[in-house]
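Dumped data_23.csv below, it's CSV, N, CA and C atoms:
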```
chain,number,residue,atom,x,y,z
A,28,GLN,N,-18.4,3.7,8.2
A,28,GLN,CA,-17.6,4.5,7.3
A,28,GLN,C,-16.2,3.8,7.0
A,29,VAL,N,-15.9,3.7,5.7
A,29,VAL,CA,-14.6,3.1,5.4
A,29,VAL,C,-13.5,4.0,5.8
A,30,PRO,N,-12.5,3.6,6.6
A,30,PRO,CA,-11.5,4.5,7.0
A,30,PRO,C,-10.5,5.0,6.0
A,31,LEU,N,-10.3,4.2,4.9
A,31,LEU,CA,-9.3,4.6,3.9
A,31,LEU,C,-10.0,4.5,2.5
A,32,VAL,N,-9.7,5.4,1.7
A,32,VAL,CA,-10.2,5.4,0.3
A,32,VAL,C,-9.1,5.4,-0.7
A,33,GLU,N,-9.1,4.4,-1.6
A,33,GLU,CA,-8.1,4.3,-2.6
A,33,GLU,C,-8.7,4.9,-4.0
A,34,SER,N,-7.7,5.3,-4.8
A,34,SER,CA,-8.1,5.7,-6.2
A,34,SER,C,-6.8,5.5,-7.0
A,35,GLY,N,-7.1,5.5,-8.3
A,35,GLY,CA,-5.9,5.5,-9.3
A,35,GLY,C,-5.8,4.2,-10.0
A,36,GLY,N,-6.5,3.2,-9.7
A,36,GLY,CA,-6.4,1.9,-10.4
A,36,GLY,C,-6.9,2.0,-11.8
A,37,ALA,N,-6.3,1.2,-12.7
A,37,ALA,CA,-6.7,1.3,-14.1
A,37,ALA,C,-6.2,0.1,-14.9
A,38,SER,N,-6.5,0.0,-16.1
A,38,SER,CA,-5.9,-1.0,-17.0
A,38,SER,C,-4.8,-0.3,-17.8
A,39,VAL,N,-3.6,-1.0,-17.8
A,39,VAL,CA,-2.5,-0.4,-18.6
A,39,VAL,C,-1.8,-1.5,-19.3
A,40,GLN,N,-0.9,-1.1,-20.2
A,40,GLN,CA,-0.1,-2.1,-21.0
A,40,GLN,C,1.1,-2.4,-20.2
A,41,ASP,N,1.7,-3.6,-20.5
A,41,ASP,CA,3.0,-4.0,-20.0
A,41,ASP,C,4.0,-2.9,-20.1
A,42,GLY,N,4.7,-2.6,-19.0
A,42,GLY,CA,5.7,-1.5,-19.0
A,42,GLY,C,5.1,-0.1,-18.7
A,43,GLY,N,3.8,0.0,-18.5
A,43,GLY,CA,3.2,1.2,-18.1
A,43,GLY,C,3.4,1.6,-16.7
A,44,SER,N,2.8,2.8,-16.3
A,44,SER,CA,2.9,3.3,-15.0
A,44,SER,C,1.6,3.7,-14.5
A,45,LEU,N,1.5,3.7,-13.1
A,45,LEU,CA,0.3,4.2,-12.5
A,45,LEU,C,0.7,4.7,-11.1
A,46,ARG,N,-0.2,5.6,-10.6
A,46,ARG,CA,0.0,6.1,-9.2
A,46,ARG,C,-1.3,5.9,-8.5
A,47,LEU,N,-1.2,5.1,-7.4
A,47,LEU,CA,-2.4,4.9,-6.6
A,47,LEU,C,-2.3,5.9,-5.4
A,48,SER,N,-3.5,6.3,-5.0
A,48,SER,CA,-3.6,7.3,-3.9
A,48,SER,C,-4.5,6.7,-2.8
A,49,CYS,N,-4.1,6.9,-1.6
A,49,CYS,CA,-4.9,6.5,-0.4
A,49,CYS,C,-5.1,7.7,0.5
A,50,ALA,N,-6.4,7.9,0.8
A,50,ALA,CA,-6.7,9.1,1.7
A,50,ALA,C,-7.5,8.6,2.9
A,51,GLY,N,-7.2,9.1,4.0
A,51,GLY,CA,-7.9,8.8,5.2
A,51,GLY,C,-9.2,9.5,5.3
A,52,SER,N,-10.3,8.8,5.4
A,52,SER,CA,-11.6,9.4,5.5
A,52,SER,C,-12.0,9.9,6.9
A,53,THR,N,-11.2,9.4,7.8
A,53,THR,CA,-11.3,9.8,9.2
A,53,THR,C,-9.9,10.2,9.7
A,54,SER,N,-9.8,10.6,10.9
A,54,SER,CA,-8.5,11.0,11.4
A,54,SER,C,-7.4,9.9,11.3
A,55,THR,N,-6.2,10.3,10.8
A,55,THR,CA,-5.1,9.3,10.7
A,55,THR,C,-4.1,9.6,11.7
A,56,SER,N,-4.4,10.4,12.7
A,56,SER,CA,-3.4,10.8,13.7
A,56,SER,C,-2.8,9.6,14.5
A,57,ASN,N,-3.6,8.5,14.6
A,57,ASN,CA,-3.2,7.4,15.4
A,57,ASN,C,-2.4,6.3,14.6
A,58,TYR,N,-2.4,6.5,13.3
A,58,TYR,CA,-1.7,5.5,12.4
A,58,TYR,C,-0.2,5.5,12.7
A,59,LYS,N,0.4,4.3,12.7
A,59,LYS,CA,1.8,4.2,12.8
A,59,LYS,C,2.5,3.7,11.6
A,60,CYS,N,1.7,2.9,10.8
A,60,CYS,CA,2.2,2.3,9.6
A,60,CYS,C,1.1,2.3,8.6
A,61,MET,N,1.5,2.7,7.4
A,61,MET,CA,0.5,2.6,6.3
A,61,MET,C,1.1,2.0,5.1
A,62,GLY,N,0.3,1.5,4.2
A,62,GLY,CA,0.9,1.0,3.0
A,62,GLY,C,-0.1,0.3,2.1
A,63,TRP,N,0.4,-0.6,1.3
A,63,TRP,CA,-0.4,-1.2,0.2
A,63,TRP,C,-0.2,-2.8,0.2
A,64,PHE,N,-1.3,-3.4,0.1
A,64,PHE,CA,-1.4,-4.9,-0.1
A,64,PHE,C,-2.0,-5.1,-1.4
A,65,ARG,N,-1.8,-6.3,-2.0
A,65,ARG,CA,-2.6,-6.6,-3.2
A,65,ARG,C,-3.0,-8.1,-3.1
A,66,GLN,N,-4.1,-8.4,-3.9
A,66,GLN,CA,-4.6,-9.7,-3.9
A,66,GLN,C,-5.1,-10.0,-5.3
A,67,ALA,N,-4.5,-11.1,-5.9
A,67,ALA,CA,-4.9,-11.6,-7.2
A,67,ALA,C,-5.9,-12.7,-7.0
A,68,PRO,N,-6.7,-13.0,-8.0
A,68,PRO,CA,-7.7,-14.1,-7.9
A,68,PRO,C,-7.0,-15.4,-7.5
A,69,GLY,N,-7.6,-16.0,-6.5
A,69,GLY,CA,-7.1,-17.3,-6.0
A,69,GLY,C,-5.8,-17.3,-5.2
A,70,LYS,N,-5.3,-16.1,-4.9
A,70,LYS,CA,-4.1,-15.9,-4.1
A,70,LYS,C,-4.4,-15.2,-2.8
A,71,GLU,N,-3.4,-15.3,-1.8
A,71,GLU,CA,-3.6,-14.6,-0.6
A,71,GLU,C,-3.2,-13.1,-0.8
A,72,ARG,N,-3.7,-12.3,0.2
A,72,ARG,CA,-3.4,-10.9,0.2
A,72,ARG,C,-1.9,-10.8,0.6
A,73,GLU,N,-1.1,-10.0,-0.1
A,73,GLU,CA,0.3,-9.9,0.2
A,73,GLU,C,0.7,-8.4,0.3
A,74,ALA,N,1.6,-8.2,1.2
A,74,ALA,CA,2.2,-6.8,1.4
A,74,ALA,C,3.0,-6.5,0.2
A,75,VAL,N,2.8,-5.3,-0.3
A,75,VAL,CA,3.6,-4.8,-1.4
A,75,VAL,C,4.6,-3.7,-1.0
A,76,ALA,N,4.1,-2.7,-0.3
A,76,ALA,CA,4.9,-1.5,0.1
A,76,ALA,C,4.3,-1.0,1.4
A,77,LEU,N,5.1,-0.7,2.4
A,77,LEU,CA,4.7,-0.2,3.7
A,77,LEU,C,5.6,0.9,4.1
A,78,VAL,N,5.1,1.8,4.9
A,78,VAL,CA,5.9,3.0,5.3
A,78,VAL,C,5.5,3.4,6.7
A,79,SER,N,6.4,3.8,7.5
A,79,SER,CA,6.1,4.3,8.9
A,79,SER,C,5.5,5.6,8.7
A,80,TYR,N,4.5,5.9,9.5
A,80,TYR,CA,3.6,7.1,9.3
A,80,TYR,C,3.6,7.9,10.6
A,81,PRO,N,3.7,9.2,10.6
A,81,PRO,CA,3.8,10.0,9.4
A,81,PRO,C,5.2,10.4,9.0
A,82,ASP,N,6.2,9.8,9.7
A,82,ASP,CA,7.6,10.2,9.4
A,82,ASP,C,8.1,9.7,8.1
A,83,GLY,N,7.7,8.5,7.6
A,83,GLY,CA,8.2,8.0,6.4
A,83,GLY,C,9.6,7.4,6.4
A,84,ASP,N,10.2,7.3,7.6
A,84,ASP,CA,11.6,6.9,7.7
A,84,ASP,C,11.8,5.4,7.4
A,85,ASN,N,10.9,4.6,7.7
A,85,ASN,CA,11.0,3.1,7.5
A,85,ASN,C,10.1,2.6,6.4
A,86,LYS,N,10.7,1.9,5.4
A,86,LYS,CA,9.9,1.4,4.3
A,86,LYS,C,10.2,0.0,4.0
A,87,TYR,N,9.2,-0.7,3.5
A,87,TYR,CA,9.3,-2.1,3.0
A,87,TYR,C,8.8,-2.2,1.6
A,88,PHE,N,9.5,-3.0,0.8
A,88,PHE,CA,9.0,-3.3,-0.5
A,88,PHE,C,9.2,-4.8,-0.7
A,89,SER,N,8.2,-5.4,-1.3
A,89,SER,CA,8.3,-6.9,-1.6
A,89,SER,C,9.4,-7.0,-2.7
A,90,ASN,N,9.9,-8.2,-2.7
A,90,ASN,CA,11.0,-8.5,-3.7
A,90,ASN,C,10.4,-8.3,-5.1
A,91,ALA,N,9.1,-8.6,-5.3
A,91,ALA,CA,8.5,-8.6,-6.6
A,91,ALA,C,8.4,-7.2,-7.2
A,92,VAL,N,8.4,-6.2,-6.3
A,92,VAL,CA,8.2,-4.8,-6.8
A,92,VAL,C,9.4,-3.9,-6.5
A,93,LYS,N,10.4,-4.4,-5.8
A,93,LYS,CA,11.5,-3.6,-5.4
A,93,LYS,C,12.2,-3.0,-6.7
A,94,GLY,N,12.5,-1.7,-6.6
A,94,GLY,CA,13.1,-1.1,-7.8
A,94,GLY,C,12.1,-0.6,-8.8
A,95,ARG,N,10.9,-1.0,-8.7
A,95,ARG,CA,9.8,-0.5,-9.7
A,95,ARG,C,8.8,0.3,-9.0
A,96,PHE,N,8.5,0.1,-7.7
A,96,PHE,CA,7.4,0.8,-7.0
A,96,PHE,C,8.1,1.7,-5.9
A,97,THR,N,7.5,2.8,-5.7
A,97,THR,CA,7.9,3.7,-4.6
A,97,THR,C,6.6,4.1,-3.8
A,98,ILE,N,6.8,4.4,-2.5
A,98,ILE,CA,5.7,4.8,-1.6
A,98,ILE,C,6.1,6.1,-1.0
A,99,SER,N,5.1,7.0,-0.9
A,99,SER,CA,5.4,8.3,-0.4
A,99,SER,C,4.2,8.8,0.4
A,100,ILE,N,4.5,9.8,1.2
A,100,ILE,CA,3.4,10.4,2.1
A,100,ILE,C,3.3,11.9,1.8
A,101,GLU,N,2.0,12.3,1.8
A,101,GLU,CA,1.7,13.7,1.7
A,101,GLU,C,1.0,14.0,3.0
A,102,LYS,N,1.8,14.5,4.0
A,102,LYS,CA,1.3,14.7,5.3
A,102,LYS,C,0.2,15.7,5.4
A,103,ALA,N,0.3,16.8,4.6
A,103,ALA,CA,-0.7,17.9,4.7
A,103,ALA,C,-2.1,17.4,4.5
A,104,ASN,N,-2.2,16.4,3.6
A,104,ASN,CA,-3.6,15.9,3.2
A,104,ASN,C,-3.8,14.4,3.7
A,105,ASN,N,-3.0,13.9,4.6
A,105,ASN,CA,-3.2,12.6,5.1
A,105,ASN,C,-3.3,11.6,4.0
A,106,LYS,N,-2.4,11.7,3.0
A,106,LYS,CA,-2.4,10.7,1.9
A,106,LYS,C,-1.1,9.9,1.8
A,107,VAL,N,-1.3,8.7,1.3
A,107,VAL,CA,-0.1,7.9,0.9
A,107,VAL,C,-0.3,7.5,-0.5
A,108,TYR,N,0.8,7.5,-1.2
A,108,TYR,CA,0.8,7.2,-2.7
A,108,TYR,C,1.7,6.0,-2.9
A,109,LEU,N,1.3,5.2,-3.9
A,109,LEU,CA,2.1,4.1,-4.5
A,109,LEU,C,2.3,4.4,-5.9
A,110,THR,N,3.5,4.7,-6.3
A,110,THR,CA,3.9,5.0,-7.7
A,110,THR,C,4.5,3.7,-8.3
A,111,MET,N,3.9,3.2,-9.3
A,111,MET,CA,4.2,1.9,-9.9
A,111,MET,C,4.7,2.1,-11.3
A,112,ASN,N,6.0,1.8,-11.6
A,112,ASN,CA,6.6,1.9,-12.9
A,112,ASN,C,6.9,0.5,-13.4
A,113,ASN,N,7.1,0.5,-14.7
A,113,ASN,CA,7.4,-0.8,-15.4
A,113,ASN,C,6.5,-1.9,-15.0
A,114,LEU,N,5.2,-1.7,-15.1
A,114,LEU,CA,4.2,-2.6,-14.6
A,114,LEU,C,4.3,-3.9,-15.5
A,115,LYS,N,4.0,-5.0,-14.9
A,115,LYS,CA,4.0,-6.3,-15.5
A,115,LYS,C,2.7,-7.0,-15.4
A,116,PRO,N,2.3,-7.9,-16.2
A,116,PRO,CA,1.1,-8.7,-16.0
A,116,PRO,C,0.9,-9.3,-14.7
A,117,GLY,N,2.0,-9.7,-14.1
A,117,GLY,CA,2.0,-10.3,-12.7
A,117,GLY,C,1.6,-9.3,-11.7
A,118,ASP,N,1.6,-8.0,-12.0
A,118,ASP,CA,1.2,-7.0,-11.0
A,118,ASP,C,-0.4,-6.9,-11.0
A,119,THR,N,-1.0,-7.6,-11.9
A,119,THR,CA,-2.5,-7.5,-11.9
A,119,THR,C,-3.1,-8.0,-10.6
A,120,ALA,N,-3.9,-7.2,-10.0
A,120,ALA,CA,-4.5,-7.5,-8.7
A,120,ALA,C,-5.4,-6.4,-8.2
A,121,MET,N,-6.1,-6.7,-7.1
A,121,MET,CA,-6.8,-5.6,-6.4
A,121,MET,C,-5.9,-5.1,-5.4
A,122,TYR,N,-5.7,-3.8,-5.4
A,122,TYR,CA,-4.7,-3.2,-4.5
A,122,TYR,C,-5.5,-2.5,-3.3
A,123,TYR,N,-5.1,-2.8,-2.1
A,123,TYR,CA,-5.8,-2.3,-0.9
A,123,TYR,C,-4.8,-1.4,-0.1
A,124,CYS,N,-5.3,-0.3,0.3
A,124,CYS,CA,-4.6,0.5,1.3
A,124,CYS,C,-4.9,0.0,2.7
A,125,ALA,N,-3.9,0.0,3.5
A,125,ALA,CA,-4.0,-0.5,4.9
A,125,ALA,C,-3.3,0.4,5.9
A,126,ALA,N,-3.7,0.4,7.1
A,126,ALA,CA,-3.1,1.2,8.2
A,126,ALA,C,-3.1,0.4,9.5
A,127,ALA,N,-2.1,0.7,10.3
A,127,ALA,CA,-2.1,0.0,11.6
A,127,ALA,C,-1.7,1.1,12.7
A,128,SER,N,-2.3,0.9,13.9
A,128,SER,CA,-1.9,1.8,15.0
A,128,SER,C,-1.4,1.0,16.2
A,129,ALA,N,-1.4,-0.3,16.1
A,129,ALA,CA,-1.0,-1.2,17.3
A,129,ALA,C,0.4,-1.4,17.5
A,130,PHE,N,1.3,-1.0,16.6
A,130,PHE,CA,2.7,-1.1,16.8
A,130,PHE,C,3.5,0.1,16.2
A,131,ASP,N,4.7,0.2,16.7
A,131,ASP,CA,5.5,1.4,16.3
A,131,ASP,C,5.9,1.3,14.8
A,132,GLY,N,6.0,2.4,14.2
A,132,GLY,CA,6.4,2.5,12.8
A,132,GLY,C,7.7,1.8,12.5
A,133,LEU,N,8.6,1.6,13.5
A,133,LEU,CA,9.9,0.9,13.3
A,133,LEU,C,9.6,-0.5,12.8
A,134,TRP,N,8.5,-1.1,13.2
A,134,TRP,CA,8.2,-2.5,12.8
A,134,TRP,C,7.5,-2.7,11.5
A,135,CYS,N,7.2,-1.6,10.8
A,135,CYS,CA,6.5,-1.7,9.5
A,135,CYS,C,7.2,-2.8,8.6
A,136,ARG,N,8.5,-2.8,8.6
A,136,ARG,CA,9.2,-3.7,7.7
A,136,ARG,C,9.0,-5.2,8.1
A,137,LEU,N,8.6,-5.4,9.3
A,137,LEU,CA,8.4,-6.8,9.8
A,137,LEU,C,7.0,-7.2,9.9
A,138,ARG,N,6.1,-6.3,9.9
A,138,ARG,CA,4.7,-6.6,10.0
A,138,ARG,C,4.0,-6.7,8.6
A,139,LEU,N,4.1,-7.9,8.1
A,139,LEU,CA,3.7,-8.0,6.7
A,139,LEU,C,2.4,-8.8,6.5
A,140,ARG,N,1.8,-9.2,7.6
A,140,ARG,CA,0.6,-10.0,7.4
A,140,ARG,C,-0.6,-9.0,7.4
A,141,ALA,N,-1.6,-9.4,6.6
A,141,ALA,CA,-2.8,-8.6,6.5
A,141,ALA,C,-3.5,-8.4,7.9
A,142,VAL,N,-3.4,-9.5,8.7
A,142,VAL,CA,-4.1,-9.4,10.0
A,142,VAL,C,-3.5,-8.4,11.0
A,143,ASP,N,-2.3,-7.9,10.7
A,143,ASP,CA,-1.6,-6.9,11.5
A,143,ASP,C,-2.2,-5.5,11.3
A,144,TYR,N,-3.0,-5.4,10.3
A,144,TYR,CA,-3.5,-4.1,9.9
A,144,TYR,C,-5.0,-4.0,10.1
A,145,ALA,N,-5.4,-3.1,11.0
A,145,ALA,CA,-6.8,-3.0,11.4
A,145,ALA,C,-7.7,-2.1,10.5
A,146,TYR,N,-7.1,-1.3,9.7
A,146,TYR,CA,-7.8,-0.3,8.9
A,146,TYR,C,-7.6,-0.6,7.4
A,147,TRP,N,-8.7,-0.6,6.7
A,147,TRP,CA,-8.6,-1.0,5.3
A,147,TRP,C,-9.5,-0.1,4.4
A,148,GLY,N,-9.1,0.0,3.1
A,148,GLY,CA,-9.9,0.6,2.1
A,148,GLY,C,-10.6,-0.6,1.4
A,149,GLN,N,-11.4,-0.2,0.4
A,149,GLN,CA,-12.2,-1.1,-0.4
A,149,GLN,C,-11.5,-1.7,-1.6
A,150,GLY,N,-10.4,-1.1,-1.9
A,150,GLY,CA,-9.6,-1.6,-3.0
A,150,GLY,C,-9.7,-0.9,-4.3
A,151,THR,N,-8.7,-0.9,-5.1
A,151,THR,CA,-8.7,-0.4,-6.5
A,151,THR,C,-8.0,-1.4,-7.4
A,152,GLN,N,-8.7,-1.6,-8.6
A,152,GLN,CA,-8.2,-2.7,-9.4
A,152,GLN,C,-7.1,-2.2,-10.4
A,153,VAL,N,-6.0,-2.9,-10.5
A,153,VAL,CA,-4.9,-2.7,-11.4
A,153,VAL,C,-4.9,-3.9,-12.3
A,154,THR,N,-5.0,-3.6,-13.6
A,154,THR,CA,-4.9,-4.7,-14.6
A,154,THR,C,-3.8,-4.3,-15.6
A,155,VAL,N,-2.8,-5.2,-15.8
A,155,VAL,CA,-1.7,-5.0,-16.7
A,155,VAL,C,-1.8,-6.1,-17.8
A,156,SER,N,-1.9,-5.6,-19.0
A,156,SER,CA,-2.0,-6.6,-20.1
A,156,SER,C,-0.8,-6.6,-21.0
A,157,SER,N,-0.5,-7.7,-21.6
A,157,SER,CA,0.8,-7.9,-22.3
A,157,SER,C,0.5,-7.6,-23.8
```
This entry written out as structure tokens:
Amino acid sequence: QVPLVESGGASVQDGGSLRLSCAGSTSTSNYKCMGWFRQAPGKEREAVALVSYPDGDNKYFSNAVKGRFTISIEKANNKVYLTMNNLKPGDTAMYYCAAASAFDGLWCRLRLRAVDYAYWGQGTQVTVSS
């Protein structure tokens, strides 16, 4: 069973907005950090936005998305959202939800490698056309 399930990916025009949703299909009580990575064809998977879970106190945004993307938690439903505004063609990628339980949420901003995250979804495609 895939531990995380993403939704919300779509094709949009340059400057458009989307909201991605990530839901835990199993218990999320042991997660300390959750967030989003993306991978474009021919490129490595990169961290986009991360948040300490479930408190939401510590957040990370990559320089590429800072000021345009926000990350939020809906504790009641074990969901994490990525709201993406002013989308650009460079944001085109498969977006993956990820979670980690091996380190404290204080370290979310420093744990930016995909290998640091043990739990993954199958991804949702975001395509931005000019």
Residues within 8 Å of range 63-73 of chain A, only C-alpha atoms, excluding chain neighbours under 2 positions, as a tab-separated table (two decimals) with N, CA and C atoms, in the frame of the given file:
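Result file follows (result_39.tsv):
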```tsv
chain	number	residue	atom	x	y	z
A	61	MET	N	1.50	2.70	7.40
A	61	MET	CA	0.50	2.60	6.30
A	61	MET	C	1.10	2.00	5.10
A	75	VAL	N	2.80	-5.30	-0.30
A	75	VAL	CA	3.60	-4.80	-1.40
A	75	VAL	C	4.60	-3.70	-1.00
A	76	ALA	N	4.10	-2.70	-0.30
A	76	ALA	CA	4.90	-1.50	0.10
A	76	ALA	C	4.30	-1.00	1.40
A	77	LEU	N	5.10	-0.70	2.40
A	77	LEU	CA	4.70	-0.20	3.70
A	77	LEU	C	5.60	0.90	4.10
A	109	LEU	N	1.30	5.20	-3.90
A	109	LEU	CA	2.10	4.10	-4.50
A	109	LEU	C	2.30	4.40	-5.90
A	119	THR	N	-1.00	-7.60	-11.90
A	119	THR	CA	-2.50	-7.50	-11.90
A	119	THR	C	-3.10	-8.00	-10.60
A	120	ALA	N	-3.90	-7.20	-10.00
A	120	ALA	CA	-4.50	-7.50	-8.70
A	120	ALA	C	-5.40	-6.40	-8.20
A	121	MET	N	-6.10	-6.70	-7.10
A	121	MET	CA	-6.80	-5.60	-6.40
A	121	MET	C	-5.90	-5.10	-5.40
A	122	TYR	N	-5.70	-3.80	-5.40
A	122	TYR	CA	-4.70	-3.20	-4.50
A	122	TYR	C	-5.50	-2.50	-3.30
A	123	TYR	N	-5.10	-2.80	-2.10
A	123	TYR	CA	-5.80	-2.30	-0.90
A	123	TYR	C	-4.80	-1.40	-0.10
A	124	CYS	N	-5.30	-0.30	0.30
A	124	CYS	CA	-4.60	0.50	1.30
A	124	CYS	C	-4.90	0.00	2.70
A	125	ALA	N	-3.90	0.00	3.50
A	125	ALA	CA	-4.00	-0.50	4.90
A	125	ALA	C	-3.30	0.40	5.90
A	139	LEU	N	4.10	-7.90	8.10
A	139	LEU	CA	3.70	-8.00	6.70
A	139	LEU	C	2.40	-8.80	6.50
A	140	ARG	N	1.80	-9.20	7.60
A	140	ARG	CA	0.60	-10.00	7.40
A	140	ARG	C	-0.60	-9.00	7.40
A	141	ALA	N	-1.60	-9.40	6.60
A	141	ALA	CA	-2.80	-8.60	6.50
A	141	ALA	C	-3.50	-8.40	7.90
```
Near Ala127 in chain A, within 7 Å and counting only C-alpha atoms, which residues show up once chain neighbours fewer than 6 positions away are dropped, as an MDAnalysis selection string?
-> chainID A and resid 58:61 143:146
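Residue nearest Gly43 in chain A, chosen from A:Leu114, A:Ala91, A:Leu31, A:Val142 and counting only N, CA and C atoms: A:Leu114.
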Using DSSP on the backbone coordinates, identify the residues of chain A assigned to strand (DSSP E); present them as a ChimeraX atom specification.
-> /A:31-34,38-40,45-51,60-66,73-79,86-88,96-101,106-111,120-127,146-147,151-156
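Each of A:Val107, A:Leu137, A:Val78, A:Val39 was checked against Gly51 in chain A using all atoms listed in the file; the smallest atom-to-atom distance is that of A:Val107.
We find atom C of Arg138 in chain A and atom N of Thr110 in chain A to be spaced 18.8 Å apart.
One distance worth recording is that between atom C of Ser99 in chain A and atom C of Asp84 in chain A, which is 10.9 Å.
Between atom C of Ser157 in chain A and atom N of Asn113 in chain A the interatomic distance comes to 13.9 Å.
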Restricting the calculation to only C-alpha atoms, which member of A:Arg46, A:Ala74, A:Thr55, A:Gln28 is positioned closest to Arg95 in chain A?
-> A:Arg46
Pick from A:Gly150, A:Met111, A:Pro30, A:Asp82 nearest to Thr97 in chain A, counting all atoms listed in the file | A:Met111
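When only C-alpha atoms are used to compute distances to Gly62 in chain A, the closest of the residues A:Leu47, A:Ile100, A:Val32, A:Ala126 turns out to be A:Ala126.
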